[in-house]
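Source file query39.cif; content: mmCIF, C-alpha atoms and all ligand atoms; chains and numbers go by the auth columns.
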```
data_data
loop_
_atom_site.group_PDB
_atom_site.id
_atom_site.type_symbol
_atom_site.label_atom_id
_atom_site.label_comp_id
_atom_site.label_asym_id
_atom_site.label_seq_id
_atom_site.Cartn_x
_atom_site.Cartn_y
_atom_site.Cartn_z
_atom_site.B_iso_or_equiv
_atom_site.auth_seq_id
_atom_site.auth_asym_id
ATOM 1 C CA MET A 1 4.650 -7.795 -9.048 0.00 16 M
ATOM 2 C CA ASN A 2 3.322 -5.534 -11.773 0.00 17 M
ATOM 3 C CA THR A 3 3.888 -1.950 -10.595 0.00 18 M
ATOM 4 C CA MET A 4 3.087 1.525 -11.856 0.00 19 M
ATOM 5 C CA ARG A 5 4.928 4.732 -10.920 0.00 20 M
ATOM 6 C CA LEU A 6 2.233 7.132 -9.756 0.00 21 M
ATOM 7 C CA PHE A 7 1.852 10.671 -8.489 0.00 22 M
ATOM 8 C CA PHE A 8 -0.934 13.180 -7.840 0.00 23 M
ATOM 9 C CA ALA A 9 -0.495 16.564 -9.488 0.00 24 M
ATOM 10 C CA LEU A 10 -2.011 19.831 -10.578 0.00 25 M
ATOM 11 C CA TRP A 11 -1.887 20.082 -14.351 0.00 26 M
ATOM 12 C CA PRO A 12 -1.779 23.645 -15.726 0.00 27 M
ATOM 13 C CA PRO A 13 -4.149 24.788 -18.469 0.00 28 M
ATOM 14 C CA GLU A 14 -2.552 25.110 -21.888 0.00 29 M
ATOM 15 C CA ASP A 15 -2.059 28.897 -21.853 0.00 30 M
ATOM 16 C CA LEU A 16 -0.170 28.642 -18.590 0.00 31 M
ATOM 17 C CA SER A 17 1.960 25.649 -19.600 0.00 32 M
ATOM 18 C CA ARG A 18 2.741 27.451 -22.875 0.00 33 M
ATOM 19 C CA ALA A 19 3.982 30.544 -20.999 0.00 34 M
ATOM 20 C CA LEU A 20 6.001 28.384 -18.594 0.00 35 M
ATOM 21 C CA ALA A 21 7.495 26.288 -21.410 0.00 36 M
ATOM 22 C CA ASP A 22 8.561 29.472 -23.235 0.00 37 M
ATOM 23 C CA GLY A 23 10.145 30.617 -19.970 0.00 38 M
ATOM 24 C CA ALA A 24 11.849 27.232 -19.548 0.00 39 M
ATOM 25 C CA GLU A 25 13.401 27.464 -23.013 0.00 40 M
ATOM 26 C CA ALA A 26 14.664 30.992 -22.382 0.00 41 M
ATOM 27 C CA LEU A 27 16.154 29.918 -19.037 0.00 42 M
ATOM 28 C CA ALA A 28 17.834 26.865 -20.575 0.00 43 M
ATOM 29 C CA ARG A 29 19.367 29.058 -23.294 0.00 44 M
ATOM 30 C CA ARG A 30 20.776 31.291 -20.585 0.00 45 M
ATOM 31 C CA PHE A 31 21.839 28.747 -17.942 0.00 46 M
ATOM 32 C CA GLY A 32 22.148 25.509 -19.877 0.00 47 M
ATOM 33 C CA GLY A 33 20.283 22.331 -19.019 0.00 48 M
ATOM 34 C CA ARG A 34 17.209 20.573 -20.356 0.00 49 M
ATOM 35 C CA PRO A 35 13.937 22.511 -20.496 0.00 50 M
ATOM 36 C CA THR A 36 10.723 20.715 -19.549 0.00 51 M
ATOM 37 C CA ARG A 37 8.450 20.118 -22.532 0.00 52 M
ATOM 38 C CA ARG A 38 5.170 22.027 -22.450 0.00 53 M
ATOM 39 C CA GLU A 39 3.004 18.921 -22.215 0.00 54 M
ATOM 40 C CA THR A 40 4.857 17.571 -19.169 0.00 55 M
ATOM 41 C CA ILE A 41 4.860 20.707 -16.978 0.00 56 M
ATOM 42 C CA HIS A 42 3.061 19.992 -13.695 0.00 57 M
ATOM 43 C CA LEU A 43 2.999 20.609 -9.966 0.00 58 M
ATOM 44 C CA THR A 44 3.361 17.429 -7.883 0.00 59 M
ATOM 45 C CA LEU A 45 1.026 17.172 -4.893 0.00 60 M
ATOM 46 C CA ALA A 46 2.061 13.731 -3.638 0.00 61 M
ATOM 47 C CA PHE A 47 4.540 11.243 -5.062 0.00 62 M
ATOM 48 C CA LEU A 48 3.606 7.598 -4.543 0.00 63 M
ATOM 49 C CA GLY A 49 6.384 5.941 -6.543 0.00 64 M
ATOM 50 C CA GLU A 50 5.965 2.313 -7.591 0.00 65 M
ATOM 51 C CA VAL A 51 2.500 1.008 -6.730 0.00 66 M
ATOM 52 C CA ASP A 52 1.172 -2.512 -7.245 0.00 67 M
ATOM 53 C CA ALA A 53 -1.120 -2.243 -10.299 0.00 68 M
ATOM 54 C CA ALA A 54 -3.775 -4.145 -8.328 0.00 69 M
ATOM 55 C CA CYS A 55 -3.903 -1.237 -5.829 0.00 70 M
ATOM 56 C CA VAL A 56 -4.568 1.541 -8.352 0.00 71 M
ATOM 57 C CA SER A 57 -8.325 1.539 -7.750 0.00 72 M
ATOM 58 C CA GLY A 58 -7.653 2.108 -4.027 0.00 73 M
ATOM 59 C CA VAL A 59 -5.441 5.073 -4.939 0.00 74 M
ATOM 60 C CA ILE A 60 -8.212 6.502 -7.123 0.00 75 M
ATOM 61 C CA ASP A 61 -10.703 6.090 -4.264 0.00 76 M
ATOM 62 C CA ALA A 62 -8.351 7.964 -1.924 0.00 77 M
ATOM 63 C CA GLY A 63 -8.117 10.793 -4.483 0.00 78 M
ATOM 64 C CA ARG A 64 -11.916 10.954 -4.707 0.00 79 M
ATOM 65 C CA ARG A 65 -12.186 11.300 -0.939 0.00 80 M
ATOM 66 C CA ALA A 66 -9.652 14.176 -0.784 0.00 81 M
ATOM 67 C CA TYR A 67 -12.121 16.992 -0.357 0.00 82 M
ATOM 68 C CA ALA A 68 -10.902 20.575 -0.848 0.00 83 M
ATOM 69 C CA ALA A 69 -12.181 23.815 -2.316 0.00 84 M
ATOM 70 C CA PRO A 70 -11.044 25.318 -5.640 0.00 85 M
ATOM 71 C CA PHE A 71 -8.324 27.942 -5.272 0.00 86 M
ATOM 72 C CA GLN A 72 -6.084 30.216 -7.277 0.00 87 M
ATOM 73 C CA LEU A 73 -2.317 30.093 -7.520 0.00 88 M
ATOM 74 C CA VAL A 74 -0.155 32.979 -8.631 0.00 89 M
ATOM 75 C CA VAL A 75 3.048 31.675 -10.177 0.00 90 M
ATOM 76 C CA ASP A 76 5.391 34.598 -9.830 0.00 91 M
ATOM 77 C CA ARG A 77 8.895 33.457 -8.949 0.00 92 M
ATOM 78 C CA PHE A 78 11.704 31.154 -9.948 0.00 93 M
ATOM 79 C CA GLY A 79 13.636 28.954 -7.580 0.00 94 M
ATOM 80 C CA TYR A 80 16.721 26.756 -7.871 0.00 95 M
ATOM 81 C CA TRP A 81 17.773 23.660 -5.964 0.00 96 M
ATOM 82 C CA ARG A 82 21.496 23.121 -6.098 0.00 97 M
ATOM 83 C CA HIS A 83 21.399 19.529 -4.806 0.00 98 M
ATOM 84 C CA ASN A 84 19.592 18.365 -7.955 0.00 99 M
ATOM 85 C CA ASP A 85 20.230 21.317 -10.341 0.00 100 M
ATOM 86 C CA LEU A 86 16.519 21.962 -10.761 0.00 101 M
ATOM 87 C CA LEU A 87 15.245 25.342 -11.858 0.00 102 M
ATOM 88 C CA TRP A 88 11.566 25.738 -11.083 0.00 103 M
ATOM 89 C CA ALA A 89 8.679 28.187 -10.969 0.00 104 M
ATOM 90 C CA GLY A 90 6.613 28.690 -7.835 0.00 105 M
ATOM 91 C CA CYS A 91 4.596 31.096 -5.751 0.00 106 M
ATOM 92 C CA THR A 92 5.737 33.878 -3.424 0.00 107 M
ATOM 93 C CA GLU A 93 2.476 33.871 -1.483 0.00 108 M
ATOM 94 C CA PRO A 94 1.708 30.642 0.339 0.00 109 M
ATOM 95 C CA ALA A 95 -1.573 29.409 -1.110 0.00 110 M
ATOM 96 C CA GLU A 96 -3.826 28.194 1.701 0.00 111 M
ATOM 97 C CA GLY A 97 -6.091 26.387 -0.771 0.00 112 M
ATOM 98 C CA LEU A 98 -3.168 24.381 -2.094 0.00 113 M
ATOM 99 C CA ARG A 99 -2.030 23.538 1.420 0.00 114 M
ATOM 100 C CA SER A 100 -5.523 22.309 2.308 0.00 115 M
ATOM 101 C CA LEU A 101 -5.606 20.097 -0.775 0.00 116 M
ATOM 102 C CA VAL A 102 -2.189 18.573 -0.035 0.00 117 M
ATOM 103 C CA MET A 103 -3.196 17.941 3.585 0.00 118 M
ATOM 104 C CA ALA A 104 -6.526 16.369 2.542 0.00 119 M
ATOM 105 C CA LEU A 105 -4.742 14.121 0.061 0.00 120 M
ATOM 106 C CA ARG A 106 -2.118 13.045 2.597 0.00 121 M
ATOM 107 C CA ARG A 107 -4.860 12.306 5.118 0.00 122 M
ATOM 108 C CA GLN A 108 -6.733 10.073 2.694 0.00 123 M
ATOM 109 C CA LEU A 109 -3.589 8.267 1.532 0.00 124 M
ATOM 110 C CA ARG A 110 -2.607 7.548 5.132 0.00 125 M
ATOM 111 C CA ALA A 111 -6.131 6.387 5.976 0.00 126 M
ATOM 112 C CA ALA A 112 -5.918 3.928 3.069 0.00 127 M
ATOM 113 C CA SER A 113 -2.371 2.822 4.068 0.00 128 M
ATOM 114 C CA ILE A 114 -0.996 3.992 0.707 0.00 129 M
ATOM 115 C CA ALA A 115 2.692 4.901 0.937 0.00 130 M
ATOM 116 C CA PHE A 116 3.854 8.255 -0.439 0.00 131 M
ATOM 117 C CA ASP A 117 6.765 10.626 -0.099 0.00 132 M
ATOM 118 C CA ALA A 118 5.814 13.048 2.644 0.00 133 M
ATOM 119 C CA ALA A 119 8.447 15.753 2.814 0.00 134 M
ATOM 120 C CA PRO A 120 7.583 17.622 6.043 0.00 135 M
ATOM 121 C CA ARG A 121 7.742 20.935 4.218 0.00 136 M
ATOM 122 C CA PHE A 122 5.762 20.920 0.991 0.00 137 M
ATOM 123 C CA VAL A 123 7.322 23.260 -1.590 0.00 138 M
ATOM 124 C CA ALA A 124 4.988 23.890 -4.515 0.00 139 M
ATOM 125 C CA HIS A 125 7.090 23.916 -7.665 0.00 140 M
ATOM 126 C CA LEU A 126 6.880 23.346 -11.400 0.00 141 M
ATOM 127 C CA THR A 127 10.160 22.001 -12.737 0.00 142 M
ATOM 128 C CA LEU A 128 11.282 24.090 -15.720 0.00 143 M
ATOM 129 C CA VAL A 129 14.920 23.137 -16.356 0.00 144 M
ATOM 130 C CA ARG A 130 16.949 20.105 -15.299 0.00 145 M
ATOM 131 C CA LYS A 131 20.740 20.285 -15.019 0.00 146 M
ATOM 132 C CA ALA A 132 20.750 24.073 -15.043 0.00 147 M
ATOM 133 C CA ARG A 133 23.933 25.771 -13.870 0.00 148 M
ATOM 134 C CA ILE A 134 23.176 28.806 -11.754 0.00 149 M
ATOM 135 C CA VAL A 135 25.296 30.875 -9.413 0.00 150 M
ATOM 136 C CA ARG A 136 23.929 31.344 -5.908 0.00 151 M
ATOM 137 C CA GLY A 137 21.456 34.224 -5.727 0.00 152 M
ATOM 138 C CA GLU A 138 21.247 34.566 -9.499 0.00 153 M
ATOM 139 C CA VAL A 139 17.784 33.066 -9.658 0.00 154 M
ATOM 140 C CA ASP A 140 16.322 35.763 -7.400 0.00 155 M
ATOM 141 C CA MET A 141 17.316 38.364 -9.983 0.00 156 M
ATOM 142 C CA ILE A 142 15.152 36.899 -12.728 0.00 157 M
ATOM 143 C CA SER A 143 11.677 38.312 -12.757 0.00 158 M
ATOM 144 C CA LEU A 144 8.546 36.436 -13.747 0.00 159 M
ATOM 145 C CA GLU A 145 5.375 38.214 -14.814 0.00 160 M
ATOM 146 C CA PRO A 146 2.768 36.800 -12.396 0.00 161 M
ATOM 147 C CA LEU A 147 0.727 34.001 -13.993 0.00 162 M
ATOM 148 C CA ARG A 148 -2.714 33.370 -12.523 0.00 163 M
ATOM 149 C CA TRP A 149 -3.784 29.754 -12.275 0.00 164 M
ATOM 150 C CA PRO A 150 -7.342 28.943 -11.245 0.00 165 M
ATOM 151 C CA CYS A 151 -7.187 25.383 -9.862 0.00 166 M
ATOM 152 C CA SER A 152 -10.456 23.489 -9.987 0.00 167 M
ATOM 153 C CA GLY A 153 -9.179 19.935 -10.036 0.00 168 M
ATOM 154 C CA PHE A 154 -6.202 17.616 -9.770 0.00 169 M
ATOM 155 C CA VAL A 155 -5.096 14.406 -11.455 0.00 170 M
ATOM 156 C CA LEU A 156 -3.524 11.008 -10.803 0.00 171 M
ATOM 157 C CA VAL A 157 -0.657 10.442 -13.207 0.00 172 M
ATOM 158 C CA HIS A 158 1.222 7.382 -14.426 0.00 173 M
ATOM 159 C CA SER A 159 4.895 8.167 -15.059 0.00 174 M
ATOM 160 C CA ARG A 160 6.600 5.992 -17.678 0.00 175 M
ATOM 161 C CA PRO A 161 10.110 6.109 -19.099 0.00 176 M
ATOM 162 C CA ALA A 162 10.161 7.335 -22.693 0.00 177 M
ATOM 163 C CA ALA A 163 12.767 8.289 -25.257 0.00 178 M
ATOM 164 C CA GLY A 164 14.505 11.441 -23.998 0.00 179 M
ATOM 165 C CA GLY A 165 12.776 11.599 -20.617 0.00 180 M
ATOM 166 C CA ARG A 166 9.398 10.598 -19.240 0.00 181 M
ATOM 167 C CA GLU A 167 5.907 10.333 -20.495 0.00 182 M
ATOM 168 C CA TYR A 168 2.992 11.081 -18.199 0.00 183 M
ATOM 169 C CA ALA A 169 -0.497 9.654 -18.669 0.00 184 M
ATOM 170 C CA VAL A 170 -3.436 10.969 -16.672 0.00 185 M
ATOM 171 C CA LEU A 171 -5.237 7.979 -15.134 0.00 186 M
ATOM 172 C CA GLU A 172 -7.992 9.893 -13.383 0.00 187 M
ATOM 173 C CA SER A 173 -9.170 13.497 -12.865 0.00 188 M
ATOM 174 C CA PHE A 174 -10.636 14.780 -9.599 0.00 189 M
ATOM 175 C CA PRO A 175 -12.682 17.986 -9.681 0.00 190 M
ATOM 176 C CA LEU A 176 -12.563 20.250 -6.626 0.00 191 M
ATOM 177 C CA PRO A 177 -16.233 20.855 -5.840 0.00 192 M
ATOM 178 C CA ALA A 178 -17.272 24.514 -5.849 0.00 193 M
ATOM 179 C CA ALA A 179 -19.664 23.558 -3.024 0.00 194 M
ATOM 180 C CA ALA A 180 -16.607 23.167 -0.786 0.00 195 M
ATOM 181 C CA ARG A 181 -16.028 26.944 -0.955 0.00 196 M
ATOM 182 C CA CYS A 182 -16.156 28.605 2.461 0.00 197 M
HETATM 183 P P1 LIG B . 13.007 11.698 -14.046 0.00 1 K
HETATM 184 O O1 LIG B . 12.966 11.045 -12.671 0.00 1 K
HETATM 185 O O2 LIG B . 13.139 10.697 -15.133 0.00 1 K
HETATM 186 O O3 LIG B . 13.961 12.831 -14.140 0.00 1 K
HETATM 187 P P2 LIG B . 10.561 13.022 -13.272 0.00 1 K
HETATM 188 O O4 LIG B . 11.243 13.323 -11.972 0.00 1 K
HETATM 189 O O5 LIG B . 9.831 14.117 -13.970 0.00 1 K
HETATM 190 O O6 LIG B . 11.557 12.368 -14.293 0.00 1 K
HETATM 191 P P3 LIG B . 9.217 11.001 -11.804 0.00 1 K
HETATM 192 O O7 LIG B . 10.500 10.639 -11.123 0.00 1 K
HETATM 193 O O8 LIG B . 8.302 9.907 -12.213 0.00 1 K
HETATM 194 O O9 LIG B . 9.480 11.872 -13.074 0.00 1 K
HETATM 195 O O10 LIG B . 8.455 11.983 -10.824 0.00 1 K
HETATM 196 C C1 LIG B . 7.159 12.455 -11.079 0.00 1 K
HETATM 197 C C2 LIG B . 6.947 13.706 -10.272 0.00 1 K
HETATM 198 O O11 LIG B . 7.087 13.420 -8.880 0.00 1 K
HETATM 199 C C3 LIG B . 7.952 14.806 -10.560 0.00 1 K
HETATM 200 O O12 LIG B . 7.311 16.051 -10.404 0.00 1 K
HETATM 201 C C4 LIG B . 8.988 14.647 -9.496 0.00 1 K
HETATM 202 O O13 LIG B . 9.619 15.855 -9.170 0.00 1 K
HETATM 203 C C5 LIG B . 8.159 14.172 -8.335 0.00 1 K
HETATM 204 N N1 LIG B . 8.947 13.292 -7.465 0.00 1 K
HETATM 205 C C6 LIG B . 9.745 12.287 -7.866 0.00 1 K
HETATM 206 N N2 LIG B . 10.314 11.668 -6.822 0.00 1 K
HETATM 207 C C7 LIG B . 9.844 12.302 -5.713 0.00 1 K
HETATM 208 C C8 LIG B . 10.048 12.145 -4.322 0.00 1 K
HETATM 209 N N3 LIG B . 10.825 11.197 -3.835 0.00 1 K
HETATM 210 N N4 LIG B . 9.406 12.989 -3.500 0.00 1 K
HETATM 211 C C9 LIG B . 8.589 13.946 -3.960 0.00 1 K
HETATM 212 N N5 LIG B . 8.355 14.154 -5.268 0.00 1 K
HETATM 213 C C10 LIG B . 8.967 13.355 -6.134 0.00 1 K
HETATM 214 MG MG MG B . 12.282 11.848 -10.805 0.00 2 K
#
```
Is it possible to give me this structure as structure tokens?
Amino acid sequence: MNTMRLFFALWPPEDLSRALADGAEALARRFGGRPTRRETIHLTLAFLGEVDAACVSGVIDAGRRAYAAPFQLVVDRFGYWRHNDLLWAGCTEPAEGLRSLVMALRRQLRAASIAFDAAPRFVAHLTLVRKARIVRGEVDMISLEPLRWPCSGFVLVHSRPAAGGREYAVLESFPLPAAARC
């Protein structure tokens, strides 16, 4: 079977990914590890994993049916997961708009019988450094100037192995219709 590794994501605009990539490099200098390259910084909404290439059009259709309003994220904190040594950026305030989008996407994927990784608790995060070495609590001491991120669409991404990491190719973009505003 010919498969493709797929995920849905929010892709930050260039000014935001530039600021986050600068932050990632500074953090990696301080704590070690591998900073995420600017062009690969993203926020995963749903991870599908390996999908039969013949099913990709069904995945795109599910993305088109995921109806949610545009929203704004404020990226204002760092987090660290010890189990996989990931240092990430995220949001202090839970963003209702983001939650609605993730729920809409999950609903449509389930309706189309498309398998995905559905962690019960969705934690919005942008991976900044892999293999960072941080002491417990240390991450809470690092401040991040709040970065505003107006989100007006999401993407379906193909993840491929590449020299020194992964390469991501956007297969399809899905605008969030302003008409869906409440
Ligand atoms: P690598 O696995 O080579 O370190 P990566 O994790 O960036 O690279 P992928 O494994 O293709 O690339 O994952 C793509 C995105 O989906 C990443 O944001 C990753 O964190 C997320 N992801 C991967 N596996 C899962 C999973 N099982 N559940 C939820 N999200 C996942
Ligand atoms: Mg991975």
Go through range 67-169 of chain M and flag each residue having an atom no more than 10 Å from range 22-37 of chain M; for those, report the closest pair of atoms plus their distance in Å to one decimal, using all atoms listed in the file, ordered by chain and rising number, as a Markdown table.
```
| residue | atom | partner | partner_atom | distance |
| --- | --- | --- | --- | --- |
| M:Val74 | CA | M:Phe23 | CA | 9.7 |
| M:Ile75 | CA | M:Phe23 | CA | 9.9 |
| M:Gly78 | CA | M:Phe23 | CA | 8.3 |
| M:Val90 | CA | M:Leu31 | CA | 9.5 |
| M:Trp103 | CA | M:Leu35 | CA | 9.7 |
| M:Ala104 | CA | M:Leu35 | CA | 8.1 |
| M:Leu113 | CA | M:Leu25 | CA | 9.7 |
| M:Val117 | CA | M:Phe23 | CA | 9.6 |
| M:Leu120 | CA | M:Phe23 | CA | 8.8 |
| M:Phe131 | CA | M:Phe22 | CA | 8.6 |
| M:Asp132 | CA | M:Phe22 | CA | 9.7 |
| M:Leu141 | CA | M:Leu35 | CA | 8.8 |
| M:Thr142 | CA | M:Leu35 | CA | 9.6 |
| M:Leu143 | CA | M:Ala36 | CA | 7.2 |
| M:Val144 | CA | M:Ala36 | CA | 9.5 |
| M:Leu159 | CA | M:Leu35 | CA | 9.7 |
| M:Glu160 | CA | M:Ala34 | CA | 10.0 |
| M:Leu162 | CA | M:Leu31 | CA | 7.1 |
| M:Arg163 | CA | M:Leu31 | CA | 8.1 |
| M:Trp164 | CA | M:Pro27 | CA | 7.3 |
| M:Pro165 | CA | M:Pro27 | CA | 8.9 |
| M:Cys166 | CA | M:Leu25 | CA | 7.6 |
| M:Ser167 | CA | M:Leu25 | CA | 9.2 |
| M:Gly168 | CA | M:Leu25 | CA | 7.2 |
| M:Phe169 | CA | M:Leu25 | CA | 4.8 |
```
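Each residue with an atom within 6 Å of any atom of ligand LIG 1 (chain K) appears in the list, which was built counting only C-alpha atoms and all ligand atoms: Phe22, Thr59, Phe62, Asp132, Ser174, Gly180 and Arg181 of chain M.
Note that CA of Glu111 in chain M and CA of Val185 in chain M are 25.2 Å apart.
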Next on the checklist: My list of candidates is M:Val150, M:Asn99, M:Arg49, M:Pro161. Which is closest to ligand MG 2 (chain K) when distances are computed with only C-alpha atoms and all ligand atoms?
Outcome noted: M:Asn99
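One distance worth recording is that between CA of His140 in chain M and CA of Arg44 in chain M, which is 20.5 Å.
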Checklist entry - From the list M:Leu101, M:Leu60, M:Val170, M:Tyr95, which residue is nearest Ser115 in chain M when using only C-alpha atoms? => result M:Leu60
Item to check | Result set of the PyMOL selection byres (((chain M and resi 179) around 12) and not hetatm) on the coordinates above, as a ChimeraX atom specification | outcome: /M:49-52,175-178,180-182
Generate a file of the selected residues that holds C-alpha atoms, formatted as a JSON list (two decimals), in the coordinates of the input.
```
[["chain", "number", "residue", "atom", "x", "y", "z"],
["M", 49, "ARG", "CA", 17.21, 20.57, -20.36],
["M", 50, "PRO", "CA", 13.94, 22.51, -20.50],
["M", 51, "THR", "CA", 10.72, 20.72, -19.55],
["M", 52, "ARG", "CA", 8.45, 20.12, -22.53],
["M", 175, "ARG", "CA", 6.60, 5.99, -17.68],
["M", 176, "PRO", "CA", 10.11, 6.11, -19.10],
["M", 177, "ALA", "CA", 10.16, 7.34, -22.69],
["M", 178, "ALA", "CA", 12.77, 8.29, -25.26],
["M", 180, "GLY", "CA", 12.78, 11.60, -20.62],
["M", 181, "ARG", "CA", 9.40, 10.60, -19.24],
["M", 182, "GLU", "CA", 5.91, 10.33, -20.50]]
```
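Of the residues under consideration (M:Gly48, M:Arg145, M:Arg136, M:Pro109), M:Arg145 shows the shortest atom-to-atom contact distance to ligand MG 2 (chain K) when counting only C-alpha atoms and all ligand atoms.
The closest residue to ligand MG 2 (chain K), picked from M:Met16, M:Leu21, M:Cys70, M:Leu116 and counting all atoms listed in the file, is M:Leu21.
Note that CA of Asn17 in chain M and CA of His57 in chain M are 25.6 Å apart.
For the choices M:Leu63, M:Val71, M:Val154, M:Leu191, the atom-to-atom distance to ligand MG 2 (chain K) is smallest for M:Leu63 when using only C-alpha atoms and all ligand atoms.
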Next on the checklist: Using all atoms listed in the file for the distances, tell me which of M:Arg79, M:Leu186, M:Thr18, M:Gly64 is nearest to ligand MG 2 (chain K).
Outcome noted: M:Gly64
Please determine an axis-aligned box that encloses all atoms of range 65-81 of chain M listed in the file, with 3 Å added on each side, and express its centre and edge lengths in Å to one decimal as lines of an AutoDock Vina configuration file.
```
center_x = -3.1
center_y = 5.0
center_z = -5.5
size_x = 24.2
size_y = 24.3
size_z = 15.5
```
